[in-house]
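Engineer: Contents are mmCIF, C-alpha atoms; file name input.cif:
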data_model
loop_
_atom_site.group_PDB
_atom_site.id
_atom_site.type_symbol
_atom_site.label_atom_id
_atom_site.label_comp_id
_atom_site.auth_asym_id
_atom_site.auth_seq_id
_atom_site.Cartn_x
_atom_site.Cartn_y
_atom_site.Cartn_z
ATOM 1 C CA MET A 62 0.000 0.000 0.000
ATOM 2 C CA PHE A 63 2.782 2.445 0.888
ATOM 3 C CA HIS A 64 5.957 2.839 -1.164
ATOM 4 C CA MET A 65 8.171 2.804 1.900
ATOM 5 C CA LYS A 66 10.523 0.062 3.075
ATOM 6 C CA ILE A 67 10.328 -0.212 6.858
ATOM 7 C CA LEU A 68 13.036 -2.160 8.668
ATOM 8 C CA PHE A 69 11.949 -3.717 11.937
ATOM 9 C CA SER A 70 12.848 -6.704 14.109
ATOM 10 C CA LYS A 71 11.067 -7.779 17.275
ATOM 11 C CA LYS A 72 14.523 -8.584 18.633
ATOM 12 C CA CYS A 73 14.951 -4.882 19.421
ATOM 13 C CA LEU A 74 12.173 -5.178 22.035
ATOM 14 C CA GLU A 75 14.115 -7.680 24.145
ATOM 15 C CA TYR A 76 15.944 -5.283 26.466
ATOM 16 C CA SER A 77 14.622 -2.735 28.947
ATOM 17 C CA GLN A 78 15.085 -1.141 32.338
ATOM 18 C CA PRO A 79 12.141 -0.105 34.577
ATOM 19 C CA GLY A 80 11.413 3.611 34.283
ATOM 20 C CA HIS A 81 13.832 4.189 31.406
ATOM 21 C CA PRO A 82 12.238 6.471 28.777
ATOM 22 C CA GLU A 83 13.924 4.600 25.913
ATOM 23 C CA SER A 84 11.529 1.664 26.329
ATOM 24 C CA PRO A 85 10.527 -1.224 24.050
ATOM 25 C CA GLN A 86 6.926 0.049 24.082
ATOM 26 C CA ARG A 87 7.771 3.213 22.146
ATOM 27 C CA VAL A 88 8.816 1.018 19.217
ATOM 28 C CA SER A 89 6.352 -1.864 19.644
ATOM 29 C CA PHE A 90 3.354 0.508 19.765
ATOM 30 C CA THR A 91 4.658 2.289 16.658
ATOM 31 C CA TYR A 92 5.100 -1.046 14.871
ATOM 32 C CA GLU A 93 1.514 -2.089 15.697
ATOM 33 C CA TYR A 94 0.131 1.290 14.622
ATOM 34 C CA LEU A 95 1.955 1.272 11.272
ATOM 35 C CA LYS A 96 1.011 -2.367 10.687
ATOM 36 C CA ASP A 97 -2.667 -1.473 11.191
ATOM 37 C CA LYS A 98 -2.216 1.328 8.663
ATOM 38 C CA GLY A 99 -1.055 -1.156 6.030
ATOM 39 C CA PHE A 100 2.716 -0.717 6.102
ATOM 40 C CA GLU A 101 4.861 -3.765 5.435
ATOM 41 C CA PHE A 102 8.051 -4.630 7.274
ATOM 42 C CA ILE A 103 11.408 -6.125 6.387
ATOM 43 C CA GLU A 104 13.635 -7.954 8.853
ATOM 44 C CA PRO A 105 16.998 -6.156 9.078
ATOM 45 C CA THR A 106 20.421 -7.792 9.145
ATOM 46 C CA PRO A 107 23.211 -6.990 11.642
ATOM 47 C CA CYS A 108 26.209 -4.974 10.532
ATOM 48 C CA SER A 109 29.778 -6.228 10.763
ATOM 49 C CA GLU A 110 32.489 -5.056 13.159
ATOM 50 C CA GLU A 111 34.199 -3.504 10.122
ATOM 51 C CA ASP A 112 31.096 -1.380 9.590
ATOM 52 C CA ILE A 113 31.224 -0.160 13.196
ATOM 53 C CA LEU A 114 34.867 0.819 12.713
ATOM 54 C CA LEU A 115 33.910 3.163 9.873
ATOM 55 C CA ALA A 116 32.626 5.534 12.572
ATOM 56 C CA HIS A 117 34.064 4.346 15.885
ATOM 57 C CA THR A 118 37.340 3.388 17.520
ATOM 58 C CA SER A 119 38.172 -0.220 18.287
ATOM 59 C CA ASP A 120 38.202 0.811 21.973
ATOM 60 C CA LEU A 121 34.498 1.662 21.904
ATOM 61 C CA LEU A 122 33.722 -1.470 19.906
ATOM 62 C CA GLN A 123 35.425 -3.638 22.527
ATOM 63 C CA GLU A 124 33.775 -1.794 25.430
ATOM 64 C CA VAL A 125 30.293 -2.458 24.059
ATOM 65 C CA LYS A 126 31.177 -5.986 22.967
ATOM 66 C CA ASN A 127 32.444 -6.919 26.418
ATOM 67 C CA GLY A 128 30.029 -4.783 28.459
ATOM 68 C CA ILE A 129 32.912 -2.988 30.155
ATOM 69 C CA PHE A 130 31.361 0.457 30.538
ATOM 70 C CA PHE A 131 29.177 2.319 32.993
ATOM 71 C CA ASP A 132 26.666 4.974 32.007
ATOM 72 C CA SER A 133 23.433 5.333 33.977
ATOM 73 C CA ASP A 134 21.516 6.583 30.902
ATOM 74 C CA THR A 135 23.040 3.938 28.636
ATOM 75 C CA PRO A 136 23.135 0.685 30.629
ATOM 76 C CA ALA A 137 25.185 -2.421 29.934
ATOM 77 C CA TYR A 138 22.125 -4.524 29.133
ATOM 78 C CA GLN A 139 22.555 -8.218 28.463
ATOM 79 C CA ASN A 140 23.264 -8.773 24.729
ATOM 80 C CA ILE A 141 23.355 -5.011 24.062
ATOM 81 C CA PHE A 142 26.226 -5.500 21.612
ATOM 82 C CA GLU A 143 24.016 -7.723 19.427
ATOM 83 C CA HIS A 144 21.134 -5.247 19.703
ATOM 84 C CA ALA A 145 23.385 -2.315 18.764
ATOM 85 C CA MET A 146 24.844 -4.258 15.813
ATOM 86 C CA LEU A 147 21.344 -5.057 14.554
ATOM 87 C CA SER A 148 20.190 -1.439 14.892
ATOM 88 C CA ALA A 149 23.261 -0.193 12.989
ATOM 89 C CA GLY A 150 22.776 -2.941 10.396
ATOM 90 C CA SER A 151 19.160 -1.867 9.947
ATOM 91 C CA ALA A 152 20.331 1.694 9.261
ATOM 92 C CA ILE A 153 22.727 0.366 6.612
ATOM 93 C CA ASN A 154 19.898 -1.719 5.090
ATOM 94 C CA ALA A 155 17.769 1.443 4.929
ATOM 95 C CA ALA A 156 20.599 3.348 3.229
ATOM 96 C CA MET A 157 21.024 0.592 0.642
ATOM 97 C CA PHE A 158 17.307 0.722 -0.213
ATOM 98 C CA ALA A 159 17.612 4.497 -0.643
ATOM 99 C CA LEU A 160 20.540 4.043 -3.023
ATOM 100 C CA LYS A 161 18.247 1.860 -5.142
ATOM 101 C CA GLY A 162 15.720 4.698 -5.254
ATOM 102 C CA GLU A 163 13.369 3.422 -2.551
ATOM 103 C CA ARG A 164 12.381 5.496 0.484
ATOM 104 C CA SER A 165 13.088 3.642 3.720
ATOM 105 C CA PHE A 166 12.817 3.923 7.497
ATOM 106 C CA SER A 167 14.555 1.949 10.232
ATOM 107 C CA LEU A 168 12.176 1.468 13.161
ATOM 108 C CA MET A 169 14.779 0.098 15.538
ATOM 109 C CA ARG A 170 16.451 0.711 18.883
ATOM 110 C CA PRO A 171 18.874 1.538 20.388
ATOM 111 C CA PRO A 172 19.130 4.998 18.801
ATOM 112 C CA GLY A 173 22.533 6.350 17.845
ATOM 113 C CA HIS A 174 23.190 10.055 17.364
ATOM 114 C CA HIS A 175 24.802 10.686 20.793
ATOM 115 C CA ALA A 176 27.483 8.009 20.291
ATOM 116 C CA THR A 177 30.740 9.801 19.463
ATOM 117 C CA ARG A 178 33.752 8.276 17.799
ATOM 118 C CA ASN A 179 35.037 6.932 21.123
ATOM 119 C CA ASN A 180 32.164 7.232 23.625
ATOM 120 C CA LEU A 181 28.654 5.916 24.084
ATOM 121 C CA GLY A 182 25.974 7.911 25.922
ATOM 122 C CA GLY A 183 22.479 9.365 25.828
ATOM 123 C CA PHE A 184 20.824 5.948 25.230
ATOM 124 C CA CYS A 185 23.168 5.391 22.238
ATOM 125 C CA TYR A 186 25.895 2.748 21.824
ATOM 126 C CA PHE A 187 26.895 3.017 18.148
ATOM 127 C CA ASN A 188 26.040 5.904 15.827
ATOM 128 C CA ASN A 189 23.622 4.309 13.369
ATOM 129 C CA ILE A 190 23.204 7.294 11.044
ATOM 130 C CA ALA A 191 26.969 7.931 10.829
ATOM 131 C CA ILE A 192 27.760 4.266 10.210
ATOM 132 C CA ALA A 193 25.111 3.988 7.479
ATOM 133 C CA SER A 194 26.220 7.262 5.864
ATOM 134 C CA LEU A 195 29.901 6.294 5.859
ATOM 135 C CA LYS A 196 28.978 2.916 4.375
ATOM 136 C CA ALA A 197 26.854 4.587 1.681
ATOM 137 C CA LYS A 198 29.759 6.949 0.916
ATOM 138 C CA GLU A 199 31.442 3.992 -0.804
ATOM 139 C CA GLN A 200 28.784 4.369 -3.533
ATOM 140 C CA VAL A 201 27.970 8.097 -3.713
ATOM 141 C CA GLU A 202 29.894 11.346 -3.615
ATOM 142 C CA ARG A 203 27.953 13.697 -1.313
ATOM 143 C CA ILE A 204 25.749 12.952 1.700
ATOM 144 C CA ALA A 205 23.681 15.302 3.849
ATOM 145 C CA ILE A 206 22.498 14.231 7.305
ATOM 146 C CA VAL A 207 19.431 16.054 8.632
ATOM 147 C CA ASP A 208 18.730 15.591 12.340
ATOM 148 C CA PHE A 209 15.397 16.794 13.757
ATOM 149 C CA ASP A 210 15.643 15.078 17.124
ATOM 150 C CA CYS A 211 15.063 17.482 20.031
ATOM 151 C CA HIS A 212 18.599 16.813 21.310
ATOM 152 C CA HIS A 213 21.739 17.812 19.433
ATOM 153 C CA GLY A 214 23.445 14.878 17.720
ATOM 154 C CA ASN A 215 26.809 15.504 19.334
ATOM 155 C CA GLY A 216 28.029 12.067 18.264
ATOM 156 C CA THR A 217 27.174 12.598 14.614
ATOM 157 C CA GLU A 218 28.922 15.970 14.664
ATOM 158 C CA ASP A 219 31.965 14.465 16.391
ATOM 159 C CA ILE A 220 32.297 11.752 13.732
ATOM 160 C CA LEU A 221 31.562 13.858 10.650
ATOM 161 C CA LEU A 222 33.036 17.283 11.527
ATOM 162 C CA ASN A 223 35.144 18.553 8.592
ATOM 163 C CA LYS A 224 34.725 15.255 6.741
ATOM 164 C CA LYS A 225 34.861 15.974 3.020
ATOM 165 C CA ASN A 226 31.567 15.799 1.102
ATOM 166 C CA PHE A 227 29.404 15.477 4.225
ATOM 167 C CA LEU A 228 26.977 18.073 5.553
ATOM 168 C CA TYR A 229 25.309 17.782 8.963
ATOM 169 C CA LEU A 230 22.222 19.848 9.812
ATOM 170 C CA SER A 231 20.658 19.770 13.290
ATOM 171 C CA LEU A 232 17.695 21.602 14.819
ATOM 172 C CA HIS A 233 17.552 21.040 18.566
ATOM 173 C CA GLN A 234 16.361 22.515 21.848
ATOM 174 C CA SER A 235 18.859 24.519 23.876
ATOM 175 C CA PRO A 236 19.471 24.447 26.780
ATOM 176 C CA LEU A 237 19.079 20.657 26.882
ATOM 177 C CA TYR A 238 21.222 17.524 26.992
ATOM 178 C CA PRO A 239 23.978 17.171 25.789
ATOM 179 C CA GLY A 240 24.631 20.926 25.800
ATOM 180 C CA THR A 241 26.437 20.960 22.435
ATOM 181 C CA GLY A 242 25.478 22.394 19.043
ATOM 182 C CA LEU A 243 25.343 26.000 20.224
ATOM 183 C CA THR A 244 27.006 27.296 17.053
ATOM 184 C CA SER A 245 27.694 26.060 13.545
ATOM 185 C CA ARG A 246 31.213 24.976 12.677
ATOM 186 C CA GLY A 247 32.757 23.651 9.498
ATOM 187 C CA ASN A 248 30.327 21.377 7.709
ATOM 188 C CA CYS A 249 28.022 21.135 10.761
ATOM 189 C CA VAL A 250 25.085 23.547 10.677
ATOM 190 C CA ASN A 251 23.365 23.946 14.056
ATOM 191 C CA TYR A 252 20.141 25.684 14.979
ATOM 192 C CA PRO A 253 19.700 25.770 18.777
ATOM 193 C CA LEU A 254 16.037 26.543 19.533
ATOM 194 C CA PRO A 255 14.585 27.851 22.795
ATOM 195 C CA PRO A 256 12.054 25.883 24.867
ATOM 196 C CA GLY A 257 8.529 26.749 23.724
ATOM 197 C CA THR A 258 9.409 26.968 20.013
ATOM 198 C CA THR A 259 6.128 26.786 18.058
ATOM 199 C CA PRO A 260 5.458 24.726 14.898
ATOM 200 C CA SER A 261 5.556 27.808 12.648
ATOM 201 C CA GLU A 262 8.832 29.013 14.172
ATOM 202 C CA TYR A 263 10.292 25.517 13.868
ATOM 203 C CA LEU A 264 9.268 25.024 10.224
ATOM 204 C CA SER A 265 10.611 28.454 9.291
ATOM 205 C CA THR A 266 14.012 27.526 10.751
ATOM 206 C CA PHE A 267 13.831 24.094 9.141
ATOM 207 C CA GLU A 268 13.238 25.721 5.753
ATOM 208 C CA GLU A 269 16.300 27.921 6.251
ATOM 209 C CA GLY A 270 18.394 24.866 7.156
ATOM 210 C CA LEU A 271 17.127 22.886 4.178
ATOM 211 C CA SER A 272 18.163 25.723 1.848
ATOM 212 C CA LYS A 273 21.750 24.960 2.897
ATOM 213 C CA VAL A 274 21.170 21.264 2.177
ATOM 214 C CA LYS A 275 19.785 22.161 -1.245
ATOM 215 C CA GLU A 276 22.828 24.319 -1.946
ATOM 216 C CA PHE A 277 25.099 21.425 -0.883
ATOM 217 C CA ASN A 278 23.237 19.270 -3.441
ATOM 218 C CA PRO A 279 23.733 15.814 -1.875
ATOM 219 C CA ASP A 280 23.428 12.513 -3.724
ATOM 220 C CA LEU A 281 21.821 10.976 -0.641
ATOM 221 C CA LEU A 282 19.775 12.313 2.262
ATOM 222 C CA ALA A 283 20.197 10.585 5.647
ATOM 223 C CA ILE A 284 17.619 11.557 8.281
ATOM 224 C CA SER A 285 17.907 11.219 12.063
ATOM 225 C CA ALA A 286 14.206 11.229 12.894
ATOM 226 C CA GLY A 287 13.505 12.150 16.509
ATOM 227 C CA PHE A 288 9.940 12.668 17.698
ATOM 228 C CA ASP A 289 10.759 14.255 21.050
ATOM 229 C CA THR A 290 10.065 17.723 19.604
ATOM 230 C CA TYR A 291 6.366 16.821 20.061
ATOM 231 C CA LYS A 292 4.445 19.092 22.449
ATOM 232 C CA LEU A 293 3.540 16.278 24.879
ATOM 233 C CA ASP A 294 6.962 14.650 25.039
ATOM 234 C CA PRO A 295 7.796 14.061 28.729
ATOM 235 C CA ILE A 296 11.478 15.053 28.626
ATOM 236 C CA THR A 297 11.581 18.066 26.254
ATOM 237 C CA ASN A 298 9.913 21.454 25.647
ATOM 238 C CA ILE A 299 9.398 22.065 21.913
ATOM 239 C CA LEU A 300 5.739 22.403 20.873
ATOM 240 C CA LEU A 301 5.340 20.535 17.564
ATOM 241 C CA GLU A 302 1.965 19.022 16.649
ATOM 242 C CA LYS A 303 1.491 15.579 15.097
ATOM 243 C CA GLU A 304 0.775 17.261 11.746
ATOM 244 C CA THR A 305 4.074 19.157 11.914
ATOM 245 C CA TYR A 306 5.882 15.886 11.224
ATOM 246 C CA ARG A 307 3.991 15.466 7.972
ATOM 247 C CA GLU A 308 5.240 18.920 6.958
ATOM 248 C CA ILE A 309 8.811 17.968 7.939
ATOM 249 C CA GLY A 310 8.522 14.839 5.806
ATOM 250 C CA LYS A 311 7.135 16.777 2.844
ATOM 251 C CA MET A 312 9.887 19.393 3.046
ATOM 252 C CA LEU A 313 12.533 16.678 3.037
ATOM 253 C CA SER A 314 10.801 14.857 0.184
ATOM 254 C CA SER A 315 10.629 18.070 -1.864
ATOM 255 C CA LEU A 316 14.432 18.097 -2.088
ATOM 256 C CA GLY A 317 13.972 15.282 -4.617
ATOM 257 C CA LYS A 318 16.891 13.202 -3.331
ATOM 258 C CA PRO A 319 17.182 9.500 -2.481
ATOM 259 C CA ALA A 320 16.417 9.411 1.247
ATOM 260 C CA PHE A 321 16.382 7.117 4.243
ATOM 261 C CA ALA A 322 15.438 7.806 7.852
ATOM 262 C CA ILE A 323 16.202 6.107 11.128
ATOM 263 C CA LEU A 324 14.508 6.424 14.497
ATOM 264 C CA GLU A 325 16.253 8.426 17.194
ATOM 265 C CA GLY A 326 14.221 9.782 20.168
ATOM 266 C CA GLY A 327 10.540 10.258 20.960
ATOM 267 C CA TYR A 328 8.994 9.270 24.274
ATOM 268 C CA SER A 329 5.330 10.286 24.306
ATOM 269 C CA LYS A 330 2.389 7.903 23.984
ATOM 270 C CA ASP A 331 1.503 9.679 20.713
ATOM 271 C CA MET A 332 4.807 8.784 19.050
ATOM 272 C CA PRO A 333 3.202 6.179 16.729
ATOM 273 C CA GLU A 334 0.989 8.866 15.184
ATOM 274 C CA CYS A 335 3.913 11.313 14.889
ATOM 275 C CA VAL A 336 5.974 8.673 13.051
ATOM 276 C CA TYR A 337 3.036 7.875 10.770
ATOM 277 C CA GLU A 338 2.596 11.544 9.838
ATOM 278 C CA PHE A 339 6.311 11.860 9.069
ATOM 279 C CA LEU A 340 6.343 8.751 6.870
ATOM 280 C CA ILE A 341 3.290 9.940 4.932
ATOM 281 C CA GLY A 342 5.018 13.271 4.308
ATOM 282 C CA LEU A 343 8.349 11.702 3.361
ATOM 283 C CA GLY A 344 6.666 9.288 0.970
ATOM 284 C CA ALA A 345 4.704 12.048 -0.751
#
What would the structure in this file look like if it were written as structure tokens?

Structural biologist:
Amino acid sequence: MFHMKILFSKKCLEYSQPGHPESPQRVSFTYEYLKDKGFEFIEPTPCSEEDILLAHTSDLLQEVKNGIFFDSDTPAYQNIFEHAMLSAGSAINAAMFALKGERSFSLMRPPGHHATRNNLGGFCYFNNIAIASLKAKEQVERIAIVDFDCHHGNGTEDILLNKKNFLYLSLHQSPLYPGTGLTSRGNCVNYPLPPGTTPSEYLSTFEEGLSKVKEFNPDLLAISAGFDTYKLDPITNILLEKETYREIGKMLSSLGKPAFAILEGGYSKDMPECVYEFLIGLGA
């Protein structure tokens, strides 16, 4: 029914911690909602360790593999290495579909954009969007990453800063975790937005940011899709409506580039509807 490849595996629902906002339910409820709407799903495949090393140091790889780290936000869950490898692999799968001209979305966890070259954090173990983009770079010349999660993708910026033929665009609330992205630098274009930013203010800034993407003229568009900019999200303060995500999707689609998106944040009970609106817009 919908011309959108959605990557999803129930394996990503197998880890959790009581009270942690990055819960299996946020993804399982979204899966059920999209399934009821007629979307079809493809089982993703894990990435390789070589893929991880495109974006990360071997030190971080070994830390996650052996569970030798401590971060209260980003726990050493049992089998988290396998879960993180599958989530990164799903992002690569999505990128490969995009390179074949098919729109795609990875509905997986853990998210990734806070994982820097050498450090995990912020619910993220490996940087899915960076790994998938660096993998795709073997086939195309120029890649733009657009990040509309409410938090700045400090990990994505850390990995891609001043990397030739990459552009990173982020709109994010400030002040807010992780406290980065206050100014633009090099190939990383940042728009810190105050708490209480309205949909019209947000879309106006988004349009300005996308004009820079258009000027960059990428061969591939990689999207870090975070739905914690929604007005009822429990841990953030931007005021987007469900329908705003359809507009975001349409604006990205209007660039006319091969595109893939992966799930980052989003913690409200309305997240399934926000994701649906975005996918409808992106597929337009």

Engineer: Using only C-alpha atoms, what does the table of region 153-243 of chain A residues within 10 Å of region 278-291 of chain A look like, with each row giving the shortest atom pair and its distance in Å to one decimal, sorted by chain and ascending number, as a Markdown table?

Structural biologist:
| residue | atom | partner | partner_atom | distance |
| --- | --- | --- | --- | --- |
| A:Ala155 | CA | A:Ala283 | CA | 9.5 |
| A:Ala156 | CA | A:Ala283 | CA | 7.6 |
| A:Ala159 | CA | A:Leu281 | CA | 7.7 |
| A:Leu160 | CA | A:Leu281 | CA | 7.4 |
| A:Gly162 | CA | A:Leu281 | CA | 9.9 |
| A:Phe166 | CA | A:Ile284 | CA | 9.1 |
| A:Ser167 | CA | A:Ala286 | CA | 9.7 |
| A:Leu168 | CA | A:Ala286 | CA | 10.0 |
| A:Pro172 | CA | A:Ser285 | CA | 9.3 |
| A:Gly173 | CA | A:Ser285 | CA | 8.9 |
| A:His174 | CA | A:Ser285 | CA | 7.6 |
| A:Asn189 | CA | A:Ser285 | CA | 9.1 |
| A:Ile190 | CA | A:Ser285 | CA | 6.7 |
| A:Ala191 | CA | A:Ala283 | CA | 8.9 |
| A:Ala193 | CA | A:Ala283 | CA | 8.4 |
| A:Ser194 | CA | A:Ala283 | CA | 6.9 |
| A:Ala197 | CA | A:Leu281 | CA | 8.5 |
| A:Lys198 | CA | A:Leu281 | CA | 9.0 |
| A:Gln200 | CA | A:Asp280 | CA | 9.7 |
| A:Val201 | CA | A:Asp280 | CA | 6.3 |
| A:Glu202 | CA | A:Asp280 | CA | 6.6 |
| A:Arg203 | CA | A:Pro279 | CA | 4.8 |
| A:Ile204 | CA | A:Leu281 | CA | 5.0 |
| A:Ala205 | CA | A:Leu282 | CA | 5.2 |
| A:Ile206 | CA | A:Ala283 | CA | 4.6 |
| A:Val207 | CA | A:Ile284 | CA | 4.9 |
| A:Asp208 | CA | A:Ser285 | CA | 4.5 |
| A:Phe209 | CA | A:Gly287 | CA | 5.7 |
| A:Asp210 | CA | A:Gly287 | CA | 3.7 |
| A:Cys211 | CA | A:Thr290 | CA | 5.0 |
| A:His212 | CA | A:Asp289 | CA | 8.3 |
| A:Gly214 | CA | A:Ser285 | CA | 8.7 |
| A:Thr217 | CA | A:Ser285 | CA | 9.7 |
| A:Asn226 | CA | A:Pro279 | CA | 8.4 |
| A:Phe227 | CA | A:Pro279 | CA | 8.3 |
| A:Leu228 | CA | A:Pro279 | CA | 8.4 |
| A:Tyr229 | CA | A:Ala283 | CA | 9.4 |
| A:Leu230 | CA | A:Ile284 | CA | 9.6 |
| A:Ser231 | CA | A:Ser285 | CA | 9.1 |
| A:Leu232 | CA | A:Thr290 | CA | 9.8 |
| A:His233 | CA | A:Thr290 | CA | 8.3 |
| A:Gln234 | CA | A:Thr290 | CA | 8.2 |

Engineer: If we count all atoms listed in the file, what is near Thr106 (chain A) at a cut-off of 9 Å, once residues fewer than 4 positions away on the same chain are taken out, given as a count of residues only?

Structural biologist: 8

Engineer: By how many Å are CA of Asp132 (chain A) and CA of Thr118 (chain A) apart?

Structural biologist: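 About the pair CA of Asp132 (chain A) and CA of Thr118 (chain A): they are 18.1 Å apart.
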
Engineer: Expanded to explicit residues, what is the PyMOL selection byres ((chain A and resi 331) around 12) for this file, as number ranges by chain?

Structural biologist: A: 86-88, 90-91, 94, 288-295, 301-304, 327-330, 332-338

Engineer: Would you compute the distance between CA of Thr297 (chain A) and CA of Leu324 (chain A)? Give it in Å to one decimal.

Structural biologist: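 Between these atoms lies a distance of 16.8 Å.
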